[in-house]
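Containing PDB, C-alpha atoms and all ligand atoms: my_file_4.pdb.
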```
ATOM      1  CA  MET D   1       0.000   0.000   0.000
ATOM      2  CA  GLU D   2       1.269   3.470  -0.834
ATOM      3  CA  ASN D   3       1.481   6.394   1.595
ATOM      4  CA  PHE D   4      -1.554   8.642   1.891
ATOM      5  CA  THR D   5      -2.792  11.336   4.216
ATOM      6  CA  TYR D   6      -5.994  11.039   6.220
ATOM      7  CA  SER D   7      -8.527  13.470   7.623
ATOM      8  CA  ARG D   8     -11.921  13.044   9.244
ATOM      9  CA  ALA D   9     -14.770  15.321   8.178
ATOM     10  CA  GLN D  10     -17.486  16.236  10.664
ATOM     11  CA  ASP D  11     -19.927  17.700   8.153
ATOM     12  CA  VAL D  12     -20.667  17.830   4.420
ATOM     13  CA  ASN D  13     -19.060  21.257   3.923
ATOM     14  CA  ALA D  14     -15.766  20.071   5.373
ATOM     15  CA  ALA D  15     -15.915  16.854   3.338
ATOM     16  CA  VAL D  16     -16.537  18.505  -0.051
ATOM     17  CA  SER D  17     -13.971  21.189   0.686
ATOM     18  CA  ALA D  18     -11.308  18.516   1.386
ATOM     19  CA  ALA D  19     -12.402  16.616  -1.731
ATOM     20  CA  ALA D  20     -11.346  19.485  -3.989
ATOM     21  CA  GLU D  21      -7.736  18.347  -3.454
ATOM     22  CA  PRO D  22      -6.430  16.274  -6.419
ATOM     23  CA  GLY D  23      -6.126  12.580  -5.557
ATOM     24  CA  ALA D  24      -8.576  12.762  -2.632
ATOM     25  CA  LYS D  25     -11.165  10.045  -2.091
ATOM     26  CA  PHE D  26     -13.983   9.586   0.379
ATOM     27  CA  LEU D  27     -13.770   6.734   2.871
ATOM     28  CA  GLY D  28     -17.068   5.271   4.082
ATOM     29  CA  GLY D  29     -17.215   1.652   5.245
ATOM     30  CA  GLY D  30     -14.059   0.966   3.240
ATOM     31  CA  THR D  31     -15.183  -2.555   2.352
ATOM     32  CA  ASN D  32     -14.049  -2.217  -1.263
ATOM     33  CA  LEU D  33     -11.688   0.778  -1.342
ATOM     34  CA  ILE D  34      -9.301  -0.525   1.325
ATOM     35  CA  ASP D  35      -8.998  -3.900  -0.445
ATOM     36  CA  LEU D  36      -8.215  -2.103  -3.695
ATOM     37  CA  MET D  37      -5.588   0.065  -1.987
ATOM     38  CA  LYS D  38      -3.917  -2.999  -0.464
ATOM     39  CA  MET D  39      -3.832  -4.660  -3.867
ATOM     40  CA  GLY D  40      -2.267  -1.618  -5.503
ATOM     41  CA  VAL D  41      -5.276  -0.885  -7.704
ATOM     42  CA  GLU D  42      -6.412   2.344  -6.029
ATOM     43  CA  HIS D  43      -3.846   5.003  -5.070
ATOM     44  CA  PRO D  44      -5.565   7.919  -3.324
ATOM     45  CA  SER D  45      -3.161  10.534  -2.011
ATOM     46  CA  HIS D  46      -5.673  11.621   0.628
ATOM     47  CA  LEU D  47      -8.552   9.819   2.344
ATOM     48  CA  ILE D  48     -11.464  11.828   3.728
ATOM     49  CA  ASP D  49     -13.192   9.763   6.375
ATOM     50  CA  VAL D  50     -16.901  10.609   6.120
ATOM     51  CA  THR D  51     -18.149   8.077   8.652
ATOM     52  CA  ARG D  52     -18.850  10.856  11.213
ATOM     53  CA  VAL D  53     -20.789  13.057   8.775
ATOM     54  CA  PRO D  54     -24.424  12.879   9.923
ATOM     55  CA  LEU D  55     -25.963  11.445   6.757
ATOM     56  CA  ASP D  56     -27.441   8.182   7.965
ATOM     57  CA  GLU D  57     -31.137   9.028   8.232
ATOM     58  CA  VAL D  58     -33.869   7.246   6.294
ATOM     59  CA  GLU D  59     -36.827   9.623   6.115
ATOM     60  CA  GLU D  60     -40.071  10.266   4.291
ATOM     61  CA  ARG D  61     -39.755  12.987   1.633
ATOM     62  CA  SER D  62     -42.453  14.223  -0.809
ATOM     63  CA  GLY D  63     -44.321  10.932  -0.821
ATOM     64  CA  GLY D  64     -41.088   8.992  -1.321
ATOM     65  CA  VAL D  65     -38.063   8.280   0.830
ATOM     66  CA  ARG D  66     -34.641   9.887   1.194
ATOM     67  CA  ILE D  67     -31.847   7.576   2.320
ATOM     68  CA  GLY D  68     -28.724   9.227   3.724
ATOM     69  CA  ALA D  69     -25.510   8.287   1.925
ATOM     70  CA  ALA D  70     -23.839   7.078   5.114
ATOM     71  CA  ALA D  71     -26.689   4.767   6.157
ATOM     72  CA  LYS D  72     -25.395   1.230   6.567
ATOM     73  CA  ASN D  73     -26.707  -1.397   4.196
ATOM     74  CA  SER D  74     -28.035  -3.510   7.081
ATOM     75  CA  ALA D  75     -29.837  -0.512   8.641
ATOM     76  CA  VAL D  76     -31.504   0.413   5.342
ATOM     77  CA  ALA D  77     -32.616  -3.171   4.722
ATOM     78  CA  ALA D  78     -34.187  -3.341   8.183
ATOM     79  CA  HIS D  79     -35.742   0.122   8.240
ATOM     80  CA  PRO D  80     -39.571  -0.002   8.551
ATOM     81  CA  LEU D  81     -40.091   2.525   5.715
ATOM     82  CA  ILE D  82     -37.990   0.421   3.351
ATOM     83  CA  ARG D  83     -39.422  -2.918   4.438
ATOM     84  CA  GLU D  84     -42.992  -1.682   4.088
ATOM     85  CA  ARG D  85     -42.784   0.443   0.941
ATOM     86  CA  TYR D  86     -39.728  -0.812  -0.934
ATOM     87  CA  PRO D  87     -39.334  -4.480   0.023
ATOM     88  CA  LEU D  88     -37.575  -5.040  -3.322
ATOM     89  CA  LEU D  89     -34.719  -2.868  -2.037
ATOM     90  CA  SER D  90     -34.638  -4.702   1.290
ATOM     91  CA  GLN D  91     -34.464  -8.036  -0.504
ATOM     92  CA  ALA D  92     -31.659  -6.858  -2.796
ATOM     93  CA  LEU D  93     -29.607  -5.467   0.098
ATOM     94  CA  LEU D  94     -29.960  -8.648   2.122
ATOM     95  CA  SER D  95     -28.768 -10.739  -0.802
ATOM     96  CA  GLY D  96     -25.493  -8.790  -0.935
ATOM     97  CA  ALA D  97     -22.209  -9.696   0.774
ATOM     98  CA  SER D  98     -22.321 -11.025   4.370
ATOM     99  CA  PRO D  99     -23.955  -9.655   7.563
ATOM    100  CA  GLN D 100     -20.573  -8.332   8.739
ATOM    101  CA  LEU D 101     -19.993  -6.452   5.488
ATOM    102  CA  ARG D 102     -23.546  -5.118   5.378
ATOM    103  CA  ASN D 103     -22.990  -3.702   8.882
ATOM    104  CA  MET D 104     -19.986  -1.735   7.581
ATOM    105  CA  ALA D 105     -20.921  -0.857   4.010
ATOM    106  CA  THR D 106     -22.722   2.415   3.312
ATOM    107  CA  VAL D 107     -25.233   3.360   0.633
ATOM    108  CA  ALA D 108     -22.760   5.668  -1.137
ATOM    109  CA  GLY D 109     -19.958   3.110  -0.904
ATOM    110  CA  ASN D 110     -22.247   0.454  -2.333
ATOM    111  CA  LEU D 111     -22.944   2.698  -5.337
ATOM    112  CA  MET D 112     -19.221   3.341  -5.836
ATOM    113  CA  GLN D 113     -18.031  -0.281  -5.619
ATOM    114  CA  ARG D 114     -15.834  -1.382  -8.511
ATOM    115  CA  THR D 115     -16.201  -4.367 -10.802
ATOM    116  CA  ARG D 116     -14.913  -7.770  -9.708
ATOM    117  CA  CYS D 117     -13.103  -8.468 -12.988
ATOM    118  CA  TYR D 118     -10.141 -10.686 -11.987
ATOM    119  CA  TYR D 119      -7.729  -8.793 -14.248
ATOM    120  CA  PHE D 120      -8.738  -5.438 -12.785
ATOM    121  CA  TYR D 121      -7.925  -6.663  -9.279
ATOM    122  CA  ASP D 122      -4.506  -8.050 -10.148
ATOM    123  CA  PRO D 123      -1.912  -5.435 -11.192
ATOM    124  CA  SER D 124       0.412  -8.233 -12.375
ATOM    125  CA  TYR D 125      -1.812  -8.263 -15.473
ATOM    126  CA  ALA D 126      -0.606  -5.360 -17.589
ATOM    127  CA  HIS D 127      -3.675  -5.124 -19.802
ATOM    128  CA  CYS D 128      -6.678  -3.514 -18.160
ATOM    129  CA  ASN D 129      -8.157  -0.358 -19.675
ATOM    130  CA  LYS D 130     -10.093   0.335 -16.511
ATOM    131  CA  ARG D 131      -7.011   0.219 -14.268
ATOM    132  CA  VAL D 132      -4.505   1.598 -16.786
ATOM    133  CA  PRO D 133      -6.323   3.492 -19.575
ATOM    134  CA  GLY D 134      -5.077   2.511 -23.015
ATOM    135  CA  SER D 135      -3.393  -0.728 -21.869
ATOM    136  CA  GLY D 136      -5.844  -3.175 -23.452
ATOM    137  CA  CYS D 137      -8.259  -5.701 -21.967
ATOM    138  CA  ALA D 138      -7.006  -9.071 -20.759
ATOM    139  CA  ALA D 139     -10.566 -10.339 -20.248
ATOM    140  CA  MET D 140     -11.615  -9.895 -23.863
ATOM    141  CA  ASP D 141      -9.838 -13.087 -24.969
ATOM    142  CA  GLY D 142      -9.102 -14.330 -21.465
ATOM    143  CA  TYR D 143     -11.189 -16.069 -18.836
ATOM    144  CA  ASN D 144     -14.382 -14.033 -19.070
ATOM    145  CA  ARG D 145     -16.863 -16.246 -17.258
ATOM    146  CA  ILE D 146     -18.202 -13.531 -14.918
ATOM    147  CA  HIS D 147     -18.155 -10.757 -17.488
ATOM    148  CA  ALA D 148     -20.916  -8.771 -19.154
ATOM    149  CA  ILE D 149     -22.982  -9.749 -22.189
ATOM    150  CA  LEU D 150     -24.820  -6.428 -22.630
ATOM    151  CA  GLY D 151     -23.617  -2.827 -22.924
ATOM    152  CA  THR D 152     -19.940  -3.734 -23.338
ATOM    153  CA  SER D 153     -17.382  -2.074 -25.610
ATOM    154  CA  GLU D 154     -14.199  -3.190 -27.331
ATOM    155  CA  GLN D 155     -12.343  -1.549 -24.436
ATOM    156  CA  CYS D 156     -13.984  -3.309 -21.484
ATOM    157  CA  ILE D 157     -16.474  -6.112 -20.779
ATOM    158  CA  ALA D 158     -16.550  -5.865 -16.983
ATOM    159  CA  SER D 159     -19.886  -6.451 -15.265
ATOM    160  CA  TYR D 160     -21.464  -4.391 -12.514
ATOM    161  CA  PRO D 161     -21.243  -6.476  -9.329
ATOM    162  CA  GLY D 162     -23.757  -4.894  -6.917
ATOM    163  CA  ASP D 163     -27.308  -5.753  -5.865
ATOM    164  CA  MET D 164     -28.633  -2.595  -4.195
ATOM    165  CA  ALA D 165     -28.329  -0.448  -7.330
ATOM    166  CA  VAL D 166     -30.184  -3.019  -9.445
ATOM    167  CA  ALA D 167     -33.208  -2.595  -7.195
ATOM    168  CA  LEU D 168     -32.672   1.196  -7.184
ATOM    169  CA  ALA D 169     -32.756   1.149 -10.999
ATOM    170  CA  ALA D 170     -36.123  -0.628 -10.965
ATOM    171  CA  LEU D 171     -37.412   1.897  -8.417
ATOM    172  CA  ASP D 172     -36.400   5.003 -10.445
ATOM    173  CA  ALA D 173     -34.018   6.253  -7.742
ATOM    174  CA  ARG D 174     -32.046   9.497  -7.976
ATOM    175  CA  VAL D 175     -28.555   9.980  -6.583
ATOM    176  CA  ILE D 176     -28.073  13.303  -4.789
ATOM    177  CA  ALA D 177     -24.560  14.733  -5.112
ATOM    178  CA  ARG D 178     -22.982  17.901  -3.746
ATOM    179  CA  ASP D 179     -19.789  19.813  -4.288
ATOM    180  CA  GLN D 180     -18.610  23.107  -2.809
ATOM    181  CA  HIS D 181     -21.023  25.086  -4.966
ATOM    182  CA  ALA D 182     -24.244  23.194  -5.570
ATOM    183  CA  GLU D 183     -26.334  20.075  -5.128
ATOM    184  CA  ARG D 184     -27.777  18.091  -8.023
ATOM    185  CA  ALA D 185     -29.975  15.034  -8.523
ATOM    186  CA  ILE D 186     -28.815  12.393 -10.992
ATOM    187  CA  PRO D 187     -31.270   9.737 -12.253
ATOM    188  CA  ILE D 188     -29.732   6.375 -11.394
ATOM    189  CA  ASP D 189     -29.564   5.313 -15.031
ATOM    190  CA  ASP D 190     -27.439   8.403 -15.821
ATOM    191  CA  PHE D 191     -25.319   7.981 -12.693
ATOM    192  CA  PHE D 192     -23.620   4.836 -14.054
ATOM    193  CA  ARG D 193     -21.757   5.108 -17.356
ATOM    194  CA  LEU D 194     -21.172   2.488 -20.019
ATOM    195  CA  PRO D 195     -17.496   1.764 -20.746
ATOM    196  CA  GLY D 196     -17.330   3.050 -24.335
ATOM    197  CA  HIS D 197     -13.815   4.372 -24.926
ATOM    198  CA  THR D 198     -13.343   5.386 -21.275
ATOM    199  CA  PRO D 199     -13.982   2.350 -19.053
ATOM    200  CA  HIS D 200     -12.059   3.987 -16.190
ATOM    201  CA  VAL D 201     -14.873   6.590 -15.936
ATOM    202  CA  GLU D 202     -17.641   4.632 -14.242
ATOM    203  CA  THR D 203     -20.023   7.255 -12.909
ATOM    204  CA  ASP D 204     -21.319  10.723 -13.678
ATOM    205  CA  LEU D 205     -19.809  12.114 -10.442
ATOM    206  CA  ARG D 206     -17.447  15.053 -10.964
ATOM    207  CA  HIS D 207     -14.212  15.501  -9.085
ATOM    208  CA  GLY D 208     -14.998  16.880  -5.627
ATOM    209  CA  GLU D 209     -18.634  15.792  -5.637
ATOM    210  CA  MET D 210     -19.900  13.754  -2.730
ATOM    211  CA  ILE D 211     -22.981  11.527  -2.712
ATOM    212  CA  THR D 212     -25.185  12.772   0.117
ATOM    213  CA  ALA D 213     -28.362  10.731  -0.399
ATOM    214  CA  VAL D 214     -30.439   8.468  -2.579
ATOM    215  CA  GLU D 215     -34.043   9.471  -3.171
ATOM    216  CA  LEU D 216     -36.845   7.132  -4.103
ATOM    217  CA  PRO D 217     -40.144   8.353  -5.576
ATOM    218  CA  ALA D 218     -43.378   6.947  -4.185
ATOM    219  CA  ALA D 219     -43.489   3.192  -4.660
ATOM    220  CA  PRO D 220     -45.901   1.902  -7.339
ATOM    221  CA  PRO D 221     -49.142   1.002  -5.506
ATOM    222  CA  ASN D 222     -50.226  -2.616  -5.123
ATOM    223  CA  ALA D 223     -47.298  -4.046  -7.038
ATOM    224  CA  GLY D 224     -45.656  -7.411  -6.434
ATOM    225  CA  PHE D 225     -41.892  -7.624  -6.443
ATOM    226  CA  HIS D 226     -39.041 -10.094  -6.469
ATOM    227  CA  TYR D 227     -35.251  -9.836  -6.378
ATOM    228  CA  LEU D 228     -33.648 -12.978  -7.716
ATOM    229  CA  LYS D 229     -29.902 -13.438  -7.413
ATOM    230  CA  VAL D 230     -28.188 -16.369  -9.107
ATOM    231  CA  ARG D 231     -24.705 -16.988  -7.724
ATOM    232  CA  GLU D 232     -22.260 -19.769  -7.130
ATOM    233  CA  ARG D 233     -22.944 -20.154  -3.423
ATOM    234  CA  ASN D 234     -25.746 -18.955  -1.244
ATOM    235  CA  SER D 235     -24.023 -16.126   0.577
ATOM    236  CA  PHE D 236     -21.079 -13.788   0.221
ATOM    237  CA  ALA D 237     -20.945 -14.181  -3.561
ATOM    238  CA  PHE D 238     -21.523 -11.751  -6.401
ATOM    239  CA  ALA D 239     -24.353 -12.245  -8.868
ATOM    240  CA  LEU D 240     -23.752 -14.150 -12.067
ATOM    241  CA  VAL D 241     -27.188 -12.849 -12.982
ATOM    242  CA  SER D 242     -29.669 -10.920 -10.861
ATOM    243  CA  VAL D 243     -33.151  -9.668 -11.636
ATOM    244  CA  ALA D 244     -35.164  -6.940  -9.923
ATOM    245  CA  ALA D 245     -38.779  -7.382 -10.996
ATOM    246  CA  LEU D 246     -41.855  -5.425 -10.073
ATOM    247  CA  VAL D 247     -45.332  -6.121 -11.475
ATOM    248  CA  GLY D 248     -48.569  -4.229 -10.761
ATOM    249  CA  ARG D 249     -51.886  -5.614 -12.058
ATOM    250  CA  ASP D 250     -55.218  -3.905 -12.714
ATOM    251  CA  GLY D 251     -58.623  -5.090 -11.535
ATOM    252  CA  ASN D 252     -58.847  -7.496 -14.483
ATOM    253  CA  GLY D 253     -55.525  -9.084 -13.672
ATOM    254  CA  MET D 254     -53.724  -7.441 -16.600
ATOM    255  CA  ILE D 255     -50.244  -5.983 -16.153
ATOM    256  CA  ARG D 256     -50.583  -2.271 -15.389
ATOM    257  CA  ASP D 257     -46.998  -1.522 -14.405
ATOM    258  CA  ALA D 258     -43.869  -3.584 -15.016
ATOM    259  CA  ARG D 259     -40.287  -2.850 -14.029
ATOM    260  CA  LEU D 260     -37.311  -4.993 -14.933
ATOM    261  CA  ALA D 261     -33.639  -4.385 -14.104
ATOM    262  CA  LEU D 262     -30.750  -6.835 -14.418
ATOM    263  CA  GLY D 263     -27.473  -7.189 -12.568
ATOM    264  CA  GLY D 264     -24.326  -9.195 -13.351
ATOM    265  CA  VAL D 265     -24.880  -9.036 -17.113
ATOM    266  CA  ALA D 266     -23.907  -5.459 -18.013
ATOM    267  CA  PRO D 267     -21.394  -2.803 -16.896
ATOM    268  CA  LYS D 268     -24.168  -1.086 -14.940
ATOM    269  CA  PRO D 269     -27.593  -1.952 -13.531
ATOM    270  CA  TRP D 270     -29.489  -2.738 -16.720
ATOM    271  CA  ARG D 271     -33.039  -1.407 -16.875
ATOM    272  CA  VAL D 272     -35.029  -2.728 -19.830
ATOM    273  CA  PRO D 273     -37.817  -0.312 -20.906
ATOM    274  CA  GLU D 274     -38.593  -2.281 -24.111
ATOM    275  CA  ALA D 275     -39.335  -5.407 -22.096
ATOM    276  CA  GLU D 276     -41.468  -3.403 -19.658
ATOM    277  CA  GLY D 277     -43.490  -1.855 -22.488
ATOM    278  CA  ALA D 278     -44.085  -5.255 -24.061
ATOM    279  CA  MET D 279     -45.597  -6.584 -20.823
ATOM    280  CA  ARG D 280     -48.031  -3.731 -20.150
ATOM    281  CA  GLY D 281     -51.649  -4.580 -20.914
ATOM    282  CA  GLN D 282     -50.893  -8.329 -21.102
ATOM    283  CA  ARG D 283     -52.087 -11.078 -18.811
ATOM    284  CA  PRO D 284     -49.117 -12.511 -16.885
ATOM    285  CA  SER D 285     -47.910 -15.790 -18.410
ATOM    286  CA  ASP D 286     -44.700 -17.618 -19.241
ATOM    287  CA  THR D 287     -45.192 -16.598 -22.878
ATOM    288  CA  VAL D 288     -45.386 -12.886 -22.039
ATOM    289  CA  PHE D 289     -42.417 -13.131 -19.679
ATOM    290  CA  LEU D 290     -40.346 -15.064 -22.223
ATOM    291  CA  GLN D 291     -41.039 -12.311 -24.754
ATOM    292  CA  ALA D 292     -39.895  -9.757 -22.161
ATOM    293  CA  ALA D 293     -36.713 -11.794 -21.642
ATOM    294  CA  ASP D 294     -36.119 -11.871 -25.404
ATOM    295  CA  HIS D 295     -36.412  -8.070 -25.505
ATOM    296  CA  ALA D 296     -34.000  -7.769 -22.588
ATOM    297  CA  LEU D 297     -31.397 -10.045 -24.154
ATOM    298  CA  ALA D 298     -31.785  -9.061 -27.798
ATOM    299  CA  GLY D 299     -28.458  -7.194 -27.845
ATOM    300  CA  ALA D 300     -26.478  -9.806 -25.902
ATOM    301  CA  HIS D 301     -22.920 -10.303 -27.089
ATOM    302  CA  PRO D 302     -21.422 -13.207 -25.161
ATOM    303  CA  ARG D 303     -17.723 -14.078 -25.255
ATOM    304  CA  ARG D 304     -15.960 -17.428 -25.035
ATOM    305  CA  PHE D 305     -16.768 -18.336 -21.420
ATOM    306  CA  ASN D 306     -19.903 -16.368 -20.558
ATOM    307  CA  GLY D 307     -22.410 -17.593 -23.157
ATOM    308  CA  TYR D 308     -24.248 -19.455 -20.383
ATOM    309  CA  LYS D 309     -25.413 -16.088 -19.017
ATOM    310  CA  VAL D 310     -27.845 -15.615 -21.910
ATOM    311  CA  GLU D 311     -29.938 -18.671 -21.030
ATOM    312  CA  LEU D 312     -29.404 -18.166 -17.295
ATOM    313  CA  ALA D 313     -30.683 -14.589 -17.553
ATOM    314  CA  ARG D 314     -33.648 -15.665 -19.686
ATOM    315  CA  ARG D 315     -34.755 -18.219 -17.084
ATOM    316  CA  ALA D 316     -34.060 -15.873 -14.173
ATOM    317  CA  ILE D 317     -36.163 -13.111 -15.766
ATOM    318  CA  VAL D 318     -39.144 -15.434 -16.299
ATOM    319  CA  ARG D 319     -38.890 -16.775 -12.763
ATOM    320  CA  ALA D 320     -38.567 -13.347 -11.143
ATOM    321  CA  LEU D 321     -41.490 -11.922 -13.140
ATOM    322  CA  ASN D 322     -43.667 -14.911 -12.249
ATOM    323  CA  GLU D 323     -42.791 -14.434  -8.565
ATOM    324  CA  ALA D 324     -43.489 -10.687  -8.755
ATOM    325  CA  SER D 325     -46.850 -11.137 -10.468
ATOM    326  CA  GLY D 326     -47.964 -13.825  -8.030
ATOM    327  CA  THR D 327     -48.418 -16.492 -10.688
ATOM    328  CA  VAL D 328     -46.287 -19.073  -8.890
TER     329      VAL D 328
HETATM  330 FE1  LIG Q 401     -10.008  -4.341 -17.281
HETATM  331 FE2  LIG Q 401     -12.523  -4.141 -18.083
HETATM  332 FE3  LIG Q 401     -10.916  -5.707 -19.395
HETATM  333 FE4  LIG Q 401     -11.604  -6.357 -16.918
HETATM  334  S1  LIG Q 401     -12.952  -6.264 -18.657
HETATM  335  S2  LIG Q 401      -9.548  -6.469 -17.830
HETATM  336  S3  LIG Q 401     -11.847  -4.344 -15.981
HETATM  337  S4  LIG Q 401     -10.715  -3.489 -19.199
END
```
Represent the structure contained in this file as structure tokens.
Amino acid sequence: MENFTYSRAQDVNAAVSAAAEPGAKFLGGGTNLIDLMKMGVEHPSHLIDVTRVPLDEVEERSGGVRIGAAAKNSAVAAHPLIRERYPLLSQALLSGASPQLRNMATVAGNLMQRTRCYYFYDPSYAHCNKRVPGSGCAAMDGYNRIHAILGTSEQCIASYPGDMAVALAALDARVIARDQHAERAIPIDDFFRLPGHTPHVETDLRHGEMITAVELPAAPPNAGFHYLKVRERNSFAFALVSVAALVGRDGNGMIRDARLALGGVAPKPWRVPEAEGAMRGQRPSDTVFLQAADHALAGAHPRRFNGYKVELARRAIVRALNEASGTV
């Protein structure tokens, strides 16, 4: 690990002021950043500890909910407002990591976690455009079993590893960010960037901006939900494929509202509006859900070792939508 300086901020103003320094990074739970520093992947020159900044409230706001950026994953999952109104988010959070990690990890840190691409984590591999821009991509023709099949580029095929943000994508969340001058709200789909030619730029955050909260609009009324995570073991494993599904039905049993977001298959939480549109007005059935899955996976571009994700995602989507619509 390389030398760095450390300071502890007591409020948001102090934190964003310290963040203006080049090379500064925020330290929340540290469950990903510290690992990356030890491995020589991240090299901040200054760490701003924001664990004492009072941003851990979960509160009602304009019919929706505002979740403070420093709220712990376990506290958010257990909060009555989240359990009652956004159980999809609770389910997604509880499927992530281990209880010990969820007790440390914060909402903002969860959003900022990096991909689990093996080559990214191991600096002995010279070719990783995300770690060293312009160096190539070892995963492209390497062992790419956990990598993305949607939204990739010729520069990077890393997949987004988290669970919380997949549920947030289905719930139309907004990320609230602040710098020294202003606060802004970023729709979650715009918050995460696709790799394109700049895979090292993963989010829309500007230098010096700090995530202060996540806001959720009012939850869709009378909708069923399901978060399905397919992984190699039942806990403390990242998703090979995950599905956040939400289905609301009208009085005749037809689909009134459908939300579908995927994890583990793309460089960011992958919301699928075409699939959602195709389901609206239909009666829930395997046929309708298979068509939705076909829409979701139409642009899939698997590589040598991750072709299995196409069929796995198709089956996971159908299962999650059936669970959410109450047809199983
Ligand atoms: Fe690096 Fe992305 Fe290629 Fe992985 S997939 S080696 S993160 S450029």
Could you list the residues chosen by the PyMOL selection byres (((not hetatm)) within 7 of (chain Q and resi 401)) in this structure as a ChimeraX atom specification? /D:115,117-120,127-131,136-140,147,155-158,199
Got time to write the residues from that selection, C-alpha atoms, as a PDB file, in the coordinates of the input?
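So the final result, stored in selection.pdb, reads:
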```pdb
ATOM      1  CA  THR D 115     -16.201  -4.367 -10.802  1.00  0.00           C
ATOM      2  CA  CYS D 117     -13.103  -8.468 -12.988  1.00  0.00           C
ATOM      3  CA  TYR D 118     -10.141 -10.686 -11.987  1.00  0.00           C
ATOM      4  CA  TYR D 119      -7.729  -8.793 -14.248  1.00  0.00           C
ATOM      5  CA  PHE D 120      -8.738  -5.438 -12.785  1.00  0.00           C
ATOM      6  CA  HIS D 127      -3.675  -5.124 -19.802  1.00  0.00           C
ATOM      7  CA  CYS D 128      -6.678  -3.514 -18.160  1.00  0.00           C
ATOM      8  CA  ASN D 129      -8.157  -0.358 -19.675  1.00  0.00           C
ATOM      9  CA  LYS D 130     -10.093   0.335 -16.511  1.00  0.00           C
ATOM     10  CA  ARG D 131      -7.011   0.219 -14.268  1.00  0.00           C
ATOM     11  CA  GLY D 136      -5.844  -3.175 -23.452  1.00  0.00           C
ATOM     12  CA  CYS D 137      -8.259  -5.701 -21.967  1.00  0.00           C
ATOM     13  CA  ALA D 138      -7.006  -9.071 -20.759  1.00  0.00           C
ATOM     14  CA  ALA D 139     -10.566 -10.339 -20.248  1.00  0.00           C
ATOM     15  CA  MET D 140     -11.615  -9.895 -23.863  1.00  0.00           C
ATOM     16  CA  HIS D 147     -18.155 -10.757 -17.488  1.00  0.00           C
ATOM     17  CA  GLN D 155     -12.343  -1.549 -24.436  1.00  0.00           C
ATOM     18  CA  CYS D 156     -13.984  -3.309 -21.484  1.00  0.00           C
ATOM     19  CA  ILE D 157     -16.474  -6.112 -20.779  1.00  0.00           C
ATOM     20  CA  ALA D 158     -16.550  -5.865 -16.983  1.00  0.00           C
ATOM     21  CA  PRO D 199     -13.982   2.350 -19.053  1.00  0.00           C
TER      22      PRO D 199
END
```
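Selection check: the PyMOL selection byres (((chain D and resi 88) around 10) and not hetatm) on the shown file gives Ala77, Ile82, Arg83, Glu84, Arg85, Tyr86, Pro87, Leu89, Ser90, Gln91, Ala92, Leu93, Met164, Val166, Ala167, Leu168, Ala170, Leu171, Gly224, Phe225, His226, Tyr227, Leu228, Ala244, Ala245, Leu246 and Ala324 of chain D.
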Taking into account all atoms listed in the file, which residue in the set D:Pro302, D:Gly251, D:Gly208, D:Gly29 is nearest to Lys72 (chain D)? D:Gly29
Counting only C-alpha atoms, figure out which residue out of D:Ile176, D:Thr31, D:Asp56, D:Pro273 gets nearest to His79 (chain D). D:Asp56
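Non-sequential neighbours of region 11-18 of chain D (distance at most 7 Å, separation of 4 or more positions within a chain, all atoms listed in the file) are D:Ile48, D:Val50, D:Val53, D:Pro54, D:Asp179, D:Gln180, D:Gly208, D:Glu209, D:Met210.
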Given the PyMOL selection byres (((chain D and resi 101-112) around 7) and not hetatm) and the file above, list the residues it selects as an NGL selection string. :D and (28-29 or 31 or 69-74 or 97-100 or 113-114 or 165 or 211)
With C-alpha atoms retained, write the just-selected residues as a CSV table (one decimal), in the coordinates of the input.
```
chain,number,residue,atom,x,y,z
D,28,GLY,CA,-17.1,5.3,4.1
D,29,GLY,CA,-17.2,1.7,5.2
D,31,THR,CA,-15.2,-2.6,2.4
D,69,ALA,CA,-25.5,8.3,1.9
D,70,ALA,CA,-23.8,7.1,5.1
D,71,ALA,CA,-26.7,4.8,6.2
D,72,LYS,CA,-25.4,1.2,6.6
D,73,ASN,CA,-26.7,-1.4,4.2
D,74,SER,CA,-28.0,-3.5,7.1
D,97,ALA,CA,-22.2,-9.7,0.8
D,98,SER,CA,-22.3,-11.0,4.4
D,99,PRO,CA,-24.0,-9.7,7.6
D,100,GLN,CA,-20.6,-8.3,8.7
D,113,GLN,CA,-18.0,-0.3,-5.6
D,114,ARG,CA,-15.8,-1.4,-8.5
D,165,ALA,CA,-28.3,-0.4,-7.3
D,211,ILE,CA,-23.0,11.5,-2.7
```
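Here CA of Leu94 (chain D) is placed at a distance of 11.6 Å from CA of Asn234 (chain D).
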Spatial sel., origin (-37.0, 5.9, 3.2), limit 8 Å, only C-alpha atoms, listed as a compact mmCIF listing (two decimals) with C-alpha atoms, in the frame of the given file:
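Below is the file that was written, selection_26.txt:
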```txt
# COMPACT_ATOMS: atom_id res chain seq x y z
CA VAL D 58 -33.87 7.25 6.29
CA GLU D 59 -36.83 9.62 6.12
CA GLU D 60 -40.07 10.27 4.29
CA ARG D 61 -39.76 12.99 1.63
CA GLY D 64 -41.09 8.99 -1.32
CA VAL D 65 -38.06 8.28 0.83
CA ARG D 66 -34.64 9.89 1.19
CA ILE D 67 -31.85 7.58 2.32
CA HIS D 79 -35.74 0.12 8.24
CA LEU D 81 -40.09 2.52 5.72
CA ILE D 82 -37.99 0.42 3.35
CA GLU D 215 -34.04 9.47 -3.17
CA LEU D 216 -36.84 7.13 -4.10
```
Report, in Å with one decimal, the straight-line distance from CA of Glu2 (chain D) to CA of Met39 (chain D).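 It comes out at 10.1 Å.
When CA of Thr327 (chain D) is paired with CA of Glu276 (chain D), their separation reads 17.3 Å.
Between Ala19 (chain D) and the residues D:Trp270, D:Leu150, D:His207, D:Asp141, the shortest atom-to-atom distance, using all atoms listed in the file, involves D:His207.
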